[in-house]
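Asks: Provided herewith: upload.cif, mmCIF, C-alpha atoms.
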```cif
data_entry
loop_
_atom_site.group_PDB
_atom_site.id
_atom_site.type_symbol
_atom_site.label_atom_id
_atom_site.label_comp_id
_atom_site.auth_asym_id
_atom_site.auth_seq_id
_atom_site.Cartn_x
_atom_site.Cartn_y
_atom_site.Cartn_z
ATOM 1 C CA MET O 1 -2.621 17.693 12.811
ATOM 2 C CA ALA O 2 0.489 18.436 10.767
ATOM 3 C CA ALA O 3 0.929 17.060 7.278
ATOM 4 C CA SER O 4 3.352 14.155 7.033
ATOM 5 C CA ALA O 5 6.094 13.329 4.585
ATOM 6 C CA PRO O 6 5.436 10.301 2.347
ATOM 7 C CA LYS O 7 6.140 7.058 4.216
ATOM 8 C CA GLU O 8 7.452 5.321 1.086
ATOM 9 C CA ALA O 9 8.197 6.168 -2.538
ATOM 10 C CA LEU O 10 5.003 7.312 -4.254
ATOM 11 C CA GLN O 11 4.104 5.616 -7.527
ATOM 12 C CA PRO O 12 2.386 7.135 -10.584
ATOM 13 C CA VAL O 13 -1.358 6.510 -10.859
ATOM 14 C CA THR O 14 -3.923 6.855 -13.632
ATOM 15 C CA HIS O 15 -7.237 6.801 -11.704
ATOM 16 C CA VAL O 16 -8.489 8.529 -8.548
ATOM 17 C CA ILE O 17 -11.132 7.225 -6.120
ATOM 18 C CA PHE O 18 -12.686 9.528 -3.515
ATOM 19 C CA ASP O 19 -14.354 8.649 -0.260
ATOM 20 C CA MET O 20 -17.349 10.941 0.325
ATOM 21 C CA ASP O 21 -18.124 11.573 4.015
ATOM 22 C CA GLY O 22 -15.492 13.796 5.577
ATOM 23 C CA THR O 23 -13.461 13.765 2.350
ATOM 24 C CA LEU O 24 -15.735 15.417 -0.222
ATOM 25 C CA VAL O 25 -18.559 16.682 1.993
ATOM 26 C CA ASP O 26 -18.580 17.810 5.610
ATOM 27 C CA THR O 27 -21.032 15.165 6.823
ATOM 28 C CA GLU O 28 -18.970 13.511 9.566
ATOM 29 C CA ARG O 29 -19.635 16.561 11.741
ATOM 30 C CA ILE O 30 -23.392 16.162 11.209
ATOM 31 C CA PHE O 31 -23.266 12.433 11.959
ATOM 32 C CA ALA O 32 -21.449 13.190 15.210
ATOM 33 C CA LEU O 33 -23.914 15.941 16.135
ATOM 34 C CA VAL O 34 -27.081 13.890 15.696
ATOM 35 C CA HIS O 35 -25.665 10.876 17.536
ATOM 36 C CA GLN O 36 -24.372 13.014 20.397
ATOM 37 C CA GLU O 37 -27.904 14.352 20.813
ATOM 38 C CA ILE O 38 -29.083 10.811 21.532
ATOM 39 C CA CYS O 39 -26.057 9.906 23.646
ATOM 40 C CA SER O 40 -26.534 12.991 25.826
ATOM 41 C CA ARG O 41 -29.998 11.810 26.774
ATOM 42 C CA TYR O 42 -28.418 8.834 28.523
ATOM 43 C CA GLY O 43 -25.407 10.635 29.975
ATOM 44 C CA LYS O 44 -23.037 9.268 27.334
ATOM 45 C CA THR O 45 -20.422 10.978 25.175
ATOM 46 C CA PHE O 46 -19.857 10.189 21.500
ATOM 47 C CA SER O 47 -16.085 10.504 21.910
ATOM 48 C CA TRP O 48 -13.222 10.148 19.474
ATOM 49 C CA ASP O 49 -12.529 6.694 20.925
ATOM 50 C CA VAL O 50 -15.825 5.620 19.401
ATOM 51 C CA LYS O 51 -15.770 7.865 16.305
ATOM 52 C CA SER O 52 -12.392 6.568 15.152
ATOM 53 C CA VAL O 53 -13.662 2.968 15.213
ATOM 54 C CA ILE O 54 -16.847 3.592 13.230
ATOM 55 C CA MET O 55 -15.734 6.181 10.644
ATOM 56 C CA GLY O 56 -16.103 4.820 7.126
ATOM 57 C CA ARG O 57 -18.203 1.809 8.094
ATOM 58 C CA PRO O 58 -21.722 1.222 6.731
ATOM 59 C CA GLU O 59 -24.232 3.003 8.979
ATOM 60 C CA PRO O 60 -26.056 -0.016 10.479
ATOM 61 C CA GLU O 61 -22.718 -1.497 11.504
ATOM 62 C CA ALA O 62 -21.483 1.861 12.830
ATOM 63 C CA VAL O 63 -24.624 2.420 14.891
ATOM 64 C CA GLY O 64 -24.332 -1.092 16.302
ATOM 65 C CA ILE O 65 -20.834 -0.296 17.522
ATOM 66 C CA ILE O 66 -21.986 3.001 19.077
ATOM 67 C CA ARG O 67 -24.808 1.176 20.866
ATOM 68 C CA GLU O 68 -22.517 -1.558 22.173
ATOM 69 C CA LYS O 69 -19.601 0.630 23.239
ATOM 70 C CA LEU O 70 -21.759 3.231 24.991
ATOM 71 C CA GLY O 71 -24.370 0.861 26.368
ATOM 72 C CA LEU O 72 -27.331 2.740 24.894
ATOM 73 C CA PRO O 73 -30.723 1.236 25.878
ATOM 74 C CA LEU O 74 -32.017 1.427 22.295
ATOM 75 C CA SER O 75 -31.910 -0.984 19.382
ATOM 76 C CA VAL O 76 -29.930 -0.180 16.221
ATOM 77 C CA GLU O 77 -33.242 0.322 14.421
ATOM 78 C CA GLU O 78 -34.496 2.756 17.068
ATOM 79 C CA ILE O 79 -31.286 4.811 16.936
ATOM 80 C CA MET O 80 -31.371 4.980 13.144
ATOM 81 C CA ALA O 81 -35.035 5.950 13.156
ATOM 82 C CA GLU O 82 -34.407 8.740 15.675
ATOM 83 C CA THR O 83 -31.487 10.201 13.732
ATOM 84 C CA LYS O 84 -33.120 9.898 10.311
ATOM 85 C CA LYS O 85 -35.252 13.042 10.618
ATOM 86 C CA ARG O 86 -32.365 15.217 11.827
ATOM 87 C CA LYS O 87 -30.087 13.981 9.061
ATOM 88 C CA ALA O 88 -32.813 14.629 6.495
ATOM 89 C CA GLU O 89 -32.857 18.237 7.733
ATOM 90 C CA LEU O 90 -29.089 18.746 7.856
ATOM 91 C CA TYR O 91 -27.537 16.647 5.080
ATOM 92 C CA PRO O 92 -29.065 18.636 2.178
ATOM 93 C CA LYS O 93 -27.310 21.764 3.481
ATOM 94 C CA VAL O 94 -23.884 20.165 3.772
ATOM 95 C CA ALA O 95 -20.852 22.027 2.405
ATOM 96 C CA LEU O 96 -17.993 20.637 0.353
ATOM 97 C CA MET O 97 -14.675 20.052 2.093
ATOM 98 C CA PRO O 98 -11.891 22.560 1.302
ATOM 99 C CA GLY O 99 -10.160 21.832 -1.995
ATOM 100 C CA ALA O 100 -12.624 19.145 -3.107
ATOM 101 C CA GLU O 101 -14.273 21.031 -5.943
ATOM 102 C CA LYS O 102 -10.997 22.355 -7.326
ATOM 103 C CA LEU O 103 -9.423 18.890 -7.431
ATOM 104 C CA ILE O 104 -12.478 17.185 -8.939
ATOM 105 C CA ARG O 105 -12.799 19.782 -11.712
ATOM 106 C CA HIS O 106 -9.070 19.734 -12.373
ATOM 107 C CA LEU O 107 -8.912 15.953 -12.780
ATOM 108 C CA HIS O 108 -12.065 15.880 -14.897
ATOM 109 C CA GLN O 109 -10.750 18.664 -17.139
ATOM 110 C CA HIS O 110 -7.587 16.665 -17.702
ATOM 111 C CA GLN O 111 -9.565 13.473 -18.417
ATOM 112 C CA VAL O 112 -8.283 11.599 -15.374
ATOM 113 C CA PRO O 113 -10.914 8.940 -14.568
ATOM 114 C CA ILE O 114 -12.468 9.647 -11.154
ATOM 115 C CA ALA O 115 -15.035 7.804 -9.029
ATOM 116 C CA VAL O 116 -16.517 7.680 -5.525
ATOM 117 C CA ALA O 117 -16.431 4.727 -3.099
ATOM 118 C CA SER O 118 -18.697 5.549 -0.164
ATOM 119 C CA SER O 119 -20.281 3.503 2.619
ATOM 120 C CA SER O 120 -23.359 5.749 2.411
ATOM 121 C CA SER O 121 -26.647 4.222 1.289
ATOM 122 C CA GLN O 122 -28.333 5.425 -1.897
ATOM 123 C CA GLU O 123 -30.911 7.310 0.199
ATOM 124 C CA ALA O 124 -28.220 9.080 2.251
ATOM 125 C CA TYR O 125 -26.177 9.869 -0.855
ATOM 126 C CA GLN O 126 -29.140 11.626 -2.452
ATOM 127 C CA LEU O 127 -29.517 13.850 0.627
ATOM 128 C CA LYS O 128 -25.806 14.626 0.908
ATOM 129 C CA SER O 129 -25.334 15.483 -2.768
ATOM 130 C CA VAL O 130 -28.470 17.580 -3.315
ATOM 131 C CA LEU O 131 -26.534 20.880 -3.375
ATOM 132 C CA HIS O 132 -23.721 19.441 -5.485
ATOM 133 C CA LYS O 133 -25.409 17.328 -8.178
ATOM 134 C CA GLU O 134 -23.542 18.958 -11.060
ATOM 135 C CA LEU O 135 -20.187 18.330 -9.402
ATOM 136 C CA PHE O 136 -20.992 14.715 -8.530
ATOM 137 C CA GLY O 137 -22.070 14.275 -12.141
ATOM 138 C CA LEU O 138 -18.413 14.619 -13.157
ATOM 139 C CA PHE O 139 -17.545 11.240 -11.634
ATOM 140 C CA HIS O 140 -17.378 8.260 -13.981
ATOM 141 C CA HIS O 141 -19.352 6.228 -11.418
ATOM 142 C CA ILE O 142 -20.272 6.107 -7.737
ATOM 143 C CA VAL O 143 -20.237 2.928 -5.637
ATOM 144 C CA LEU O 144 -22.322 3.035 -2.459
ATOM 145 C CA GLY O 145 -22.557 0.901 0.644
ATOM 146 C CA ASP O 146 -25.849 -0.742 -0.322
ATOM 147 C CA ASP O 147 -24.674 -1.724 -3.813
ATOM 148 C CA PRO O 148 -26.015 -5.228 -4.573
ATOM 149 C CA GLU O 149 -22.587 -6.397 -5.744
ATOM 150 C CA LEU O 150 -20.877 -5.327 -2.516
ATOM 151 C CA LYS O 151 -20.358 -8.134 -0.007
ATOM 152 C CA HIS O 152 -18.348 -6.411 2.730
ATOM 153 C CA GLY O 153 -18.028 -2.741 3.689
ATOM 154 C CA LYS O 154 -14.932 -0.864 4.795
ATOM 155 C CA PRO O 155 -12.432 -1.794 6.258
ATOM 156 C CA ALA O 156 -12.659 -4.704 3.787
ATOM 157 C CA PRO O 157 -11.164 -3.881 0.368
ATOM 158 C CA ASP O 158 -14.302 -4.888 -1.548
ATOM 159 C CA ILE O 159 -15.730 -1.424 -2.277
ATOM 160 C CA PHE O 160 -12.430 -0.172 -3.686
ATOM 161 C CA LEU O 161 -11.918 -3.249 -5.853
ATOM 162 C CA LEU O 162 -15.482 -2.958 -7.164
ATOM 163 C CA CYS O 163 -14.951 0.739 -7.833
ATOM 164 C CA ALA O 164 -11.743 0.047 -9.794
ATOM 165 C CA LYS O 165 -13.486 -2.690 -11.773
ATOM 166 C CA ARG O 166 -16.250 -0.317 -12.909
ATOM 167 C CA PHE O 167 -13.962 2.087 -14.710
ATOM 168 C CA ALA O 168 -14.116 1.599 -18.480
ATOM 169 C CA PRO O 169 -11.798 -0.115 -19.029
ATOM 170 C CA SER O 170 -11.291 -1.399 -15.495
ATOM 171 C CA ALA O 171 -8.338 0.030 -13.573
ATOM 172 C CA PRO O 172 -5.530 -2.012 -12.005
ATOM 173 C CA PRO O 173 -5.654 -1.401 -8.230
ATOM 174 C CA ALA O 174 -1.987 -0.374 -8.219
ATOM 175 C CA LYS O 175 -2.867 2.464 -10.595
ATOM 176 C CA CYS O 176 -5.586 3.874 -8.321
ATOM 177 C CA LEU O 177 -5.080 6.640 -5.784
ATOM 178 C CA VAL O 178 -7.632 6.826 -2.951
ATOM 179 C CA LEU O 179 -8.460 9.956 -0.939
ATOM 180 C CA GLU O 180 -9.823 9.111 2.518
ATOM 181 C CA ASP O 181 -10.389 10.628 5.938
ATOM 182 C CA ALA O 182 -11.123 7.476 7.959
ATOM 183 C CA PRO O 183 -8.811 4.735 9.293
ATOM 184 C CA ASN O 184 -11.261 2.050 8.092
ATOM 185 C CA GLY O 185 -11.176 3.479 4.585
ATOM 186 C CA VAL O 186 -7.391 3.686 4.577
ATOM 187 C CA GLN O 187 -7.176 0.073 5.723
ATOM 188 C CA GLY O 188 -9.574 -1.070 3.000
ATOM 189 C CA ALA O 189 -7.815 0.836 0.217
ATOM 190 C CA ARG O 190 -4.395 -0.435 1.245
ATOM 191 C CA ALA O 191 -5.748 -3.992 1.405
ATOM 192 C CA ALA O 192 -6.999 -3.457 -2.158
ATOM 193 C CA GLY O 193 -3.426 -2.676 -3.242
ATOM 194 C CA MET O 194 -3.977 1.049 -3.721
ATOM 195 C CA GLN O 195 -2.080 4.114 -2.547
ATOM 196 C CA VAL O 196 -3.899 6.355 -0.088
ATOM 197 C CA VAL O 197 -3.780 10.043 0.735
ATOM 198 C CA MET O 198 -5.404 10.532 4.128
ATOM 199 C CA ILE O 199 -6.963 13.844 5.124
ATOM 200 C CA PRO O 200 -8.021 13.127 8.714
ATOM 201 C CA ASP O 201 -10.079 15.226 11.070
ATOM 202 C CA GLU O 202 -7.757 17.135 13.382
ATOM 203 C CA GLY O 203 -9.329 15.311 16.321
ATOM 204 C CA LEU O 204 -8.156 11.895 15.119
ATOM 205 C CA GLN O 205 -5.199 10.395 16.978
ATOM 206 C CA LYS O 206 -2.033 10.577 14.882
ATOM 207 C CA GLU O 207 -1.264 6.892 15.422
ATOM 208 C CA LEU O 208 -4.445 6.051 13.479
ATOM 209 C CA THR O 209 -3.052 7.692 10.331
ATOM 210 C CA LYS O 210 -0.052 5.389 9.998
ATOM 211 C CA GLY O 211 -1.524 3.207 7.262
ATOM 212 C CA ALA O 212 -1.689 6.008 4.684
ATOM 213 C CA ASN O 213 1.026 6.699 2.111
ATOM 214 C CA LEU O 214 0.634 10.429 2.696
ATOM 215 C CA VAL O 215 -1.229 12.454 5.334
ATOM 216 C CA LEU O 216 -2.391 16.015 4.629
ATOM 217 C CA ARG O 217 -4.240 18.604 6.690
ATOM 218 C CA SER O 218 -6.488 19.522 3.754
ATOM 219 C CA MET O 219 -7.099 18.545 0.148
ATOM 220 C CA THR O 220 -5.821 22.020 -0.751
ATOM 221 C CA GLU O 221 -2.322 20.755 0.097
ATOM 222 C CA LEU O 222 -2.361 17.948 -2.477
ATOM 223 C CA LYS O 223 0.073 18.292 -5.364
ATOM 224 C CA PRO O 224 -1.276 15.889 -8.029
ATOM 225 C CA GLU O 225 2.048 15.752 -9.852
ATOM 226 C CA ILE O 226 3.676 13.745 -7.043
ATOM 227 C CA PHE O 227 1.462 10.863 -8.199
ATOM 228 C CA GLY O 228 2.141 11.469 -11.874
ATOM 229 C CA LEU O 229 -1.126 13.364 -12.383
ATOM 230 C CA PRO O 230 -1.446 16.730 -14.159
ATOM 231 C CA LYS O 231 -0.345 19.595 -11.920
ATOM 232 C CA PHE O 232 -2.615 22.533 -11.180
ATOM 233 C CA ASP O 233 -2.324 25.426 -13.634
#
```
Re-express the file's structure as structure tokens.

Replies:
Amino acid sequence: MAASAPKEALQPVTHVIFDMDGTLVDTERIFALVHQEICSRYGKTFSWDVKSVIMGRPEPEAVGIIREKLGLPLSVEEIMAETKKRKAELYPKVALMPGAEKLIRHLHQHQVPIAVASSSSQEAYQLKSVLHKELFGLFHHIVLGDDPELKHGKPAPDIFLLCAKRFAPSAPPAKCLVLEDAPNGVQGARAAGMQVVMIPDEGLQKELTKGANLVLRSMTELKPEIFGLPKFD
């Protein structure tokens, strides 16, 4: 998918919020793999028509959609139980997405407040970050999908508003830039009043990227200065 020109004038920001799955770490591929293993058993395909609807949503909700759309003869609990072991094997080995580490270290070095807003549960986050604990330690805070203060997951704006609130001092939504890979995350961030850079999987239909302020092929293409942030040295 080609990078797009900004859809509207970009405004300066002071804070940056990162999605995790598919944005910071290459976990969307693993999620697809383990669910396709189950789908294949019943002659079903975990296609992009389904993936694009569930990306960014909390896992129980996402699995419920997979089950309903593909007509799987298993309960949500059974599907999650079957995939849990495979994810526990694969998530701790997950790699960072291209450009993620460079951008995180750059913003931290220049004292730009950064945080994570992820639909992952605390248990899943621990597995996904095991190889990258030092890097994730650079974030001011991390808001996860099972946070007790969170009422609604993506595509609702709640997780982004909560994330902005937890900066010290809290950040105005209009001063937050969100990096996302999923349409549900883009929708939630925009509903929160934030600007969004979308870095979608190349398999995602282009029409599903329209909500973002800017679409890039990779985080390596981001020029922070276009949002008023310090440029790379």

Asks: Can you tell me, as AutoDock Vina command-line options, the centre and edge lengths (Å, one decimal) of the axis-aligned box enclosing all of stretch 183-189 of chain O's listed atoms after padding each side by 6 Å?

Replies:
```
--center_x -9.2 --center_y 1.8 --center_z 4.8 --size_x 16.1 --size_y 17.8 --size_z 21.1
```

Asks: Find the residues around O:Asp49 up to 12 Å (only C-alpha atoms counted), leave out those fewer than 2 positions away in its own chain, and share them as a list in words.

Replies: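 The filter keeps Thr45, Phe46, Ser47, Lys51, Ser52, Val53, Ile54, Met55, Ile65, Ile66, Lys69, Leu70, Gly203, Leu204, Gln205 and Leu208 of chain O.
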
Asks: Take the residues just selected and output them with C-alpha atoms as a tab-separated table (two decimals), keeping the file's coordinate frame.

Replies:
```
chain	number	residue	atom	x	y	z
O	45	THR	CA	-20.42	10.98	25.18
O	46	PHE	CA	-19.86	10.19	21.50
O	47	SER	CA	-16.08	10.50	21.91
O	51	LYS	CA	-15.77	7.86	16.30
O	52	SER	CA	-12.39	6.57	15.15
O	53	VAL	CA	-13.66	2.97	15.21
O	54	ILE	CA	-16.85	3.59	13.23
O	55	MET	CA	-15.73	6.18	10.64
O	65	ILE	CA	-20.83	-0.30	17.52
O	66	ILE	CA	-21.99	3.00	19.08
O	69	LYS	CA	-19.60	0.63	23.24
O	70	LEU	CA	-21.76	3.23	24.99
O	203	GLY	CA	-9.33	15.31	16.32
O	204	LEU	CA	-8.16	11.90	15.12
O	205	GLN	CA	-5.20	10.40	16.98
O	208	LEU	CA	-4.44	6.05	13.48
```

Asks: Please determine, counting all atoms listed in the file, which residue among O:Gly185, O:Pro73, O:Pro113, O:Gly64 has the shortest atom-to-atom distance to O:Phe139.

Replies: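 Closest to O:Phe139 of all the choices is O:Pro113.
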
Asks: Could you expand the PyMOL selection byres ((chain O and resi 127-133) around 8) into the explicit residues it covers here, written as number ranges by chain?

Replies: O: 25, 27, 88, 91-94, 123-126, 134-137

Asks: Let me know the residues the PyMOL selection byres ((chain O and resi 67) around 12) catches in the file above, as a CSV table (one decimal) with C-alpha atoms, in the coordinates of the input.

Replies:
```csv
chain,number,residue,atom,x,y,z
O,35,HIS,CA,-25.7,10.9,17.5
O,36,GLN,CA,-24.4,13.0,20.4
O,38,ILE,CA,-29.1,10.8,21.5
O,39,CYS,CA,-26.1,9.9,23.6
O,42,TYR,CA,-28.4,8.8,28.5
O,44,LYS,CA,-23.0,9.3,27.3
O,45,THR,CA,-20.4,11.0,25.2
O,46,PHE,CA,-19.9,10.2,21.5
O,50,VAL,CA,-15.8,5.6,19.4
O,54,ILE,CA,-16.8,3.6,13.2
O,60,PRO,CA,-26.1,0.0,10.5
O,61,GLU,CA,-22.7,-1.5,11.5
O,62,ALA,CA,-21.5,1.9,12.8
O,63,VAL,CA,-24.6,2.4,14.9
O,64,GLY,CA,-24.3,-1.1,16.3
O,65,ILE,CA,-20.8,-0.3,17.5
O,66,ILE,CA,-22.0,3.0,19.1
O,68,GLU,CA,-22.5,-1.6,22.2
O,69,LYS,CA,-19.6,0.6,23.2
O,70,LEU,CA,-21.8,3.2,25.0
O,71,GLY,CA,-24.4,0.9,26.4
O,72,LEU,CA,-27.3,2.7,24.9
O,73,PRO,CA,-30.7,1.2,25.9
O,74,LEU,CA,-32.0,1.4,22.3
O,75,SER,CA,-31.9,-1.0,19.4
O,76,VAL,CA,-29.9,-0.2,16.2
O,77,GLU,CA,-33.2,0.3,14.4
O,78,GLU,CA,-34.5,2.8,17.1
O,79,ILE,CA,-31.3,4.8,16.9
O,80,MET,CA,-31.4,5.0,13.1
```

Asks: Select, from O:Gly99, O:Gly193, O:Gly56, O:Gly228, the residue with the minimum atom-to-atom distance to O:Gly22, counting all atoms listed in the file.

Replies: O:Gly56

Asks: Give me, please, the distance in Å between atom CA of O:Thr220 and atom CA of O:Glu89, quoted to one decimal.

Replies: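 Answer for the atom CA of O:Thr220 to atom CA of O:Glu89 separation: 28.6 Å.
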
Asks: One decimal, in Å: what's the spacing between atom CA of O:Ala32 and atom CA of O:Leu216?

Replies: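 About the pair atom CA of O:Ala32 and atom CA of O:Leu216: they are 22.0 Å apart.
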
Asks: Just give me the gap between atom CA of O:Ile114 and atom CA of O:Val16 in Å, one decimal is fine.

Replies: 4.9 Å

Asks: Nearest to O:Asp21: which of O:Gln187, O:Ile142, O:Glu180, O:Glu37 is it, counting only C-alpha atoms?

Replies: O:Glu180

Asks: Return as a list in words the set of residues that the PyMOL selection byres ((chain O and resi 172-178) around 6) yields on the displayed structure.

Replies: Val13, Thr14, His15, Val16, Ile17, Phe18, Ala171, Leu179, Gly193, Met194, Gln195 and Val196 of chain O

Asks: With distances taken over all atoms listed in the file, which residue among O:Leu144, O:Arg41, O:Glu225, O:Leu24 lies nearest O:Lys102?

Replies: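 Of all the options, O:Leu24 lies closest to O:Lys102.
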
Asks: Given all atoms listed in the file as the basis, pick out the residue of O:Asn184, O:Ser120, O:Asn213, O:Ser170 nearest to O:Asp147.

Replies: O:Ser120
